[in-house]
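Engineer: Take a look at model-v5.pdb, PDB, C-alpha atoms:
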```pdb
ATOM      1  CA  MET G  25      54.430 107.965 111.820
ATOM      2  CA  ASP G  26      54.432 105.825 114.938
ATOM      3  CA  CYS G  27      53.668 108.544 117.503
ATOM      4  CA  ILE G  28      51.289 107.579 120.292
ATOM      5  CA  PHE G  29      50.111 111.188 120.781
ATOM      6  CA  CYS G  30      49.409 111.577 117.057
ATOM      7  CA  LYS G  31      47.364 108.388 117.265
ATOM      8  CA  ILE G  32      45.404 109.811 120.213
ATOM      9  CA  ALA G  33      44.849 113.095 118.341
ATOM     10  CA  ASN G  34      43.647 111.119 115.289
ATOM     11  CA  LYS G  35      41.348 108.967 117.488
ATOM     12  CA  GLU G  36      43.227 105.797 116.578
ATOM     13  CA  ILE G  37      43.792 105.168 120.292
ATOM     14  CA  PRO G  38      40.993 105.881 122.777
ATOM     15  CA  SER G  39      41.669 108.410 125.496
ATOM     16  CA  ALA G  40      39.754 110.312 128.188
ATOM     17  CA  ILE G  41      39.563 113.596 126.279
ATOM     18  CA  VAL G  42      38.762 116.671 128.368
ATOM     19  CA  TYR G  43      39.169 119.291 125.614
ATOM     20  CA  GLU G  44      39.472 119.388 121.853
ATOM     21  CA  ASP G  45      39.406 121.946 119.077
ATOM     22  CA  GLU G  46      40.865 122.042 115.564
ATOM     23  CA  ASP G  47      44.451 122.561 116.812
ATOM     24  CA  VAL G  48      44.695 121.228 120.364
ATOM     25  CA  ILE G  49      43.603 118.133 122.257
ATOM     26  CA  ALA G  50      43.822 117.479 125.998
ATOM     27  CA  PHE G  51      43.346 114.198 127.818
ATOM     28  CA  ASN G  52      43.849 112.661 131.235
ATOM     29  CA  ASP G  53      47.299 111.221 131.896
ATOM     30  CA  LEU G  54      47.252 107.432 132.307
ATOM     31  CA  ASN G  55      49.692 107.660 135.236
ATOM     32  CA  PRO G  56      48.598 110.779 137.117
ATOM     33  CA  GLU G  57      51.039 112.527 139.441
ATOM     34  CA  ALA G  58      48.317 114.754 140.936
ATOM     35  CA  PRO G  59      44.530 114.658 141.392
ATOM     36  CA  VAL G  60      44.306 116.608 138.125
ATOM     37  CA  HIS G  61      46.915 115.559 135.557
ATOM     38  CA  ILE G  62      46.017 116.425 131.996
ATOM     39  CA  LEU G  63      48.242 116.311 128.933
ATOM     40  CA  VAL G  64      47.711 119.146 126.463
ATOM     41  CA  ILE G  65      49.161 118.641 122.985
ATOM     42  CA  PRO G  66      49.071 120.266 119.574
ATOM     43  CA  LYS G  67      47.430 118.074 116.963
ATOM     44  CA  LYS G  68      50.304 119.037 114.669
ATOM     45  CA  HIS G  69      53.281 116.804 115.306
ATOM     46  CA  ILE G  70      56.106 118.821 116.841
ATOM     47  CA  ALA G  71      58.671 116.508 118.434
ATOM     48  CA  SER G  72      59.725 118.847 121.258
ATOM     49  CA  LEU G  73      59.956 122.507 122.139
ATOM     50  CA  ASN G  74      63.333 122.492 120.360
ATOM     51  CA  ASP G  75      61.511 121.604 117.145
ATOM     52  CA  ALA G  76      58.962 124.421 117.291
ATOM     53  CA  SER G  77      59.437 127.165 114.717
ATOM     54  CA  GLU G  78      58.309 130.742 114.241
ATOM     55  CA  GLU G  79      55.301 129.421 112.312
ATOM     56  CA  ASP G  80      54.198 127.646 115.526
ATOM     57  CA  GLN G  81      54.125 130.845 117.586
ATOM     58  CA  GLN G  82      50.342 131.310 117.385
ATOM     59  CA  LEU G  83      49.731 127.622 118.120
ATOM     60  CA  LEU G  84      51.965 127.716 121.204
ATOM     61  CA  GLY G  85      50.139 130.780 122.503
ATOM     62  CA  LYS G  86      46.814 129.055 121.882
ATOM     63  CA  ILE G  87      48.002 126.059 123.893
ATOM     64  CA  MET G  88      48.849 128.301 126.874
ATOM     65  CA  LEU G  89      45.396 129.931 126.796
ATOM     66  CA  THR G  90      43.795 126.498 126.413
ATOM     67  CA  ILE G  91      45.639 125.333 129.541
ATOM     68  CA  GLN G  92      44.283 128.368 131.391
ATOM     69  CA  LYS G  93      40.726 127.484 130.247
ATOM     70  CA  ILE G  94      41.064 123.816 131.223
ATOM     71  CA  ALA G  95      42.462 124.745 134.656
ATOM     72  CA  SER G  96      39.412 126.909 135.232
ATOM     73  CA  GLU G  97      37.033 124.178 134.019
ATOM     74  CA  GLN G  98      38.764 121.633 136.278
ATOM     75  CA  GLY G  99      38.373 123.909 139.314
ATOM     76  CA  ILE G 100      42.099 124.307 139.976
ATOM     77  CA  ALA G 101      42.725 127.821 138.646
ATOM     78  CA  GLU G 102      41.946 129.660 141.871
ATOM     79  CA  ASP G 103      44.130 127.524 144.163
ATOM     80  CA  GLY G 104      46.911 127.177 141.600
ATOM     81  CA  TYR G 105      48.405 124.635 139.272
ATOM     82  CA  ARG G 106      51.643 123.722 137.545
ATOM     83  CA  VAL G 107      52.393 123.499 133.817
ATOM     84  CA  VAL G 108      55.400 121.401 132.793
ATOM     85  CA  THR G 109      56.938 120.539 129.456
ATOM     86  CA  ASN G 110      59.939 118.256 129.260
ATOM     87  CA  CYS G 111      62.420 118.714 126.437
ATOM     88  CA  GLY G 112      64.786 115.958 125.394
ATOM     89  CA  GLU G 113      66.015 112.853 127.161
ATOM     90  CA  GLN G 114      67.785 114.607 130.050
ATOM     91  CA  GLY G 115      64.784 116.893 130.439
ATOM     92  CA  GLY G 116      62.615 113.841 131.075
ATOM     93  CA  GLN G 117      60.762 113.741 127.757
ATOM     94  CA  THR G 118      59.600 110.172 127.080
ATOM     95  CA  VAL G 119      57.139 110.788 124.215
ATOM     96  CA  MET G 120      58.628 112.712 121.320
ATOM     97  CA  HIS G 121      55.556 114.852 120.661
ATOM     98  CA  LEU G 122      55.414 118.268 122.324
ATOM     99  CA  HIS G 123      53.111 118.070 125.326
ATOM    100  CA  PHE G 124      52.335 120.064 128.418
ATOM    101  CA  HIS G 125      51.430 118.514 131.762
ATOM    102  CA  LEU G 126      48.704 120.406 133.623
ATOM    103  CA  LEU G 127      48.945 119.371 137.284
ATOM    104  CA  GLY G 128      46.736 120.516 140.129
ATOM    105  CA  GLY G 129      44.448 119.588 142.963
ATOM    106  CA  ARG G 130      47.231 119.453 145.538
ATOM    107  CA  GLU G 131      50.160 121.571 146.679
ATOM    108  CA  MET G 132      53.045 121.411 144.227
ATOM    109  CA  LEU G 133      56.419 121.066 145.933
ATOM    110  CA  TRP G 134      59.700 122.621 144.808
ATOM    111  CA  PRO G 135      62.231 121.784 143.617
ATOM    112  CA  ALA G 136      60.332 119.673 141.091
ATOM    113  CA  GLY G 137      63.057 117.249 140.079
TER     114      GLY G 137
END
```
Taking this structure as input, can you express it in the form of structure tokens?
Structural biologist:
Amino acid sequence: MDCIFCKIANKEIPSAIVYEDEDVIAFNDLNPEAPVHILVIPKKHIASLNDASEEDQQLLGKIMLTIQKIASEQGIAEDGYRVVTNCGEQGGQTVMHLHFHLLGGREMLWPAG
């Protein structure tokens, strides 16, 4: 499989990892949109949220709690942060591996896009 996020999860491509366990890995975005911009991904390849199944329910919940933990560790939990996942081409997804953007360290404006 030629998935850049799978290669990061498998340590084939170096990355600034901020969190890792057996199911989830998180690393700094190469093109940050905020002072804190971390990508949180499952190590299991799931192309997008549309491709998640009932068997992924526990993993998806774990990712959300991992994001909460990372936000706290990064010092952005108290002031607030944004979590974004893009789904499909019109949703802005450019890497076809499910990922969540954790953004913080500044005020998030709305509407987002």
Engineer: Determine the nearest neighbour of G:Asn74 from the options G:Ile62, G:His121, G:Cys111, G:Lys31, counting only C-alpha atoms.
Structural biologist: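 Distance minimum relative to G:Asn74 lands on G:Cys111.
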Engineer: I'd like to know which of G:Val119, G:Leu73, G:Leu54, G:Val60 is closest to G:Cys27, using only C-alpha atoms.
Structural biologist: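 Residue with the minimum atom-to-atom distance to G:Cys27: G:Val119.
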Engineer: Name the residues that the PyMOL selection byres ((chain G and resi 32-49) around 9) picks from the file above, as a list in words, using the file's chain letters and numbers.
Structural biologist: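 This file gives the following for the PyMOL selection byres ((chain G and resi 32-49) around 9): Cys27, Ile28, Phe29, Cys30, Lys31, Ala50, Phe51, Asn52, Asp53, Leu54, Ile62, Leu63, Val64, Ile65, Pro66, Lys67, Lys68, Leu83, Lys86, Ile87, Thr90 and Ile94 of chain G.
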Engineer: Could you work out how far atom CA of G:Gln92 lies from atom CA of G:His61, giving the answer in Å with one decimal?
Structural biologist: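 Separation between atom CA of G:His61 and atom CA of G:Gln92: 13.7 Å.
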Engineer: Taking (46.9, 119.2, 144.4) in the file's coordinates, which residues come within 10 Å, counting all atoms listed in the file, written as an MDAnalysis selection string?
Structural biologist: chainID G and resid 57:61 100 103:106 127:133
Engineer: Now that the selection is made, can you save its residues with C-alpha atoms as a PDB file, in the frame of the given file?
Structural biologist:
```
ATOM      1  CA  GLU G  57      51.039 112.527 139.441  1.00  0.00           C
ATOM      2  CA  ALA G  58      48.317 114.754 140.936  1.00  0.00           C
ATOM      3  CA  PRO G  59      44.530 114.658 141.392  1.00  0.00           C
ATOM      4  CA  VAL G  60      44.306 116.608 138.125  1.00  0.00           C
ATOM      5  CA  HIS G  61      46.915 115.559 135.557  1.00  0.00           C
ATOM      6  CA  ILE G 100      42.099 124.307 139.976  1.00  0.00           C
ATOM      7  CA  ASP G 103      44.130 127.524 144.163  1.00  0.00           C
ATOM      8  CA  GLY G 104      46.911 127.177 141.600  1.00  0.00           C
ATOM      9  CA  TYR G 105      48.405 124.635 139.272  1.00  0.00           C
ATOM     10  CA  ARG G 106      51.643 123.722 137.545  1.00  0.00           C
ATOM     11  CA  LEU G 127      48.945 119.371 137.284  1.00  0.00           C
ATOM     12  CA  GLY G 128      46.736 120.516 140.129  1.00  0.00           C
ATOM     13  CA  GLY G 129      44.448 119.588 142.963  1.00  0.00           C
ATOM     14  CA  ARG G 130      47.231 119.453 145.538  1.00  0.00           C
ATOM     15  CA  GLU G 131      50.160 121.571 146.679  1.00  0.00           C
ATOM     16  CA  MET G 132      53.045 121.411 144.227  1.00  0.00           C
ATOM     17  CA  LEU G 133      56.419 121.066 145.933  1.00  0.00           C
TER      18      LEU G 133
END
```
Engineer: Just give me the gap between atom CA of G:His69 and atom CA of G:Met88 in Å, one decimal is fine.
Structural biologist: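 One can read the atom CA of G:His69 to atom CA of G:Met88 distance as 16.9 Å.
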Engineer: Identify all residues satisfying the PyMOL selection byres ((chain G and resi 109) around 6) in the given file; provide them as an MDAnalysis selection string.
Structural biologist: chainID G and resid 108 110 124
Engineer: What does the distance between atom CA of G:Gly115 and atom CA of G:Ala71 come to in Å, to one decimal place?
Structural biologist: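 We find that atom CA of G:Gly115 and atom CA of G:Ala71 lie 13.5 Å from each other.
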Engineer: Counting all atoms listed in the file, which residue out of G:Leu84, G:Met120, G:Ala101, G:Leu89 sits closest to G:Met25?
Structural biologist: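 The answer is G:Met120, which sits nearest to G:Met25.
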Engineer: For G:Ala95, which residue among G:Ile70, G:Leu126, G:Gln117, G:Gln81 is the nearest when counting only C-alpha atoms?
Structural biologist: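 Looking only at the distances to G:Ala95, the closest residue turns out to be G:Leu126.
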Engineer: Measuring atom to atom with all atoms listed in the file, identify which of G:Ile91, G:Gly112, G:Glu78, G:Ser96 is nearest to G:His125.
Structural biologist: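 That would be G:Ile91, the residue with the smallest distance to G:His125.
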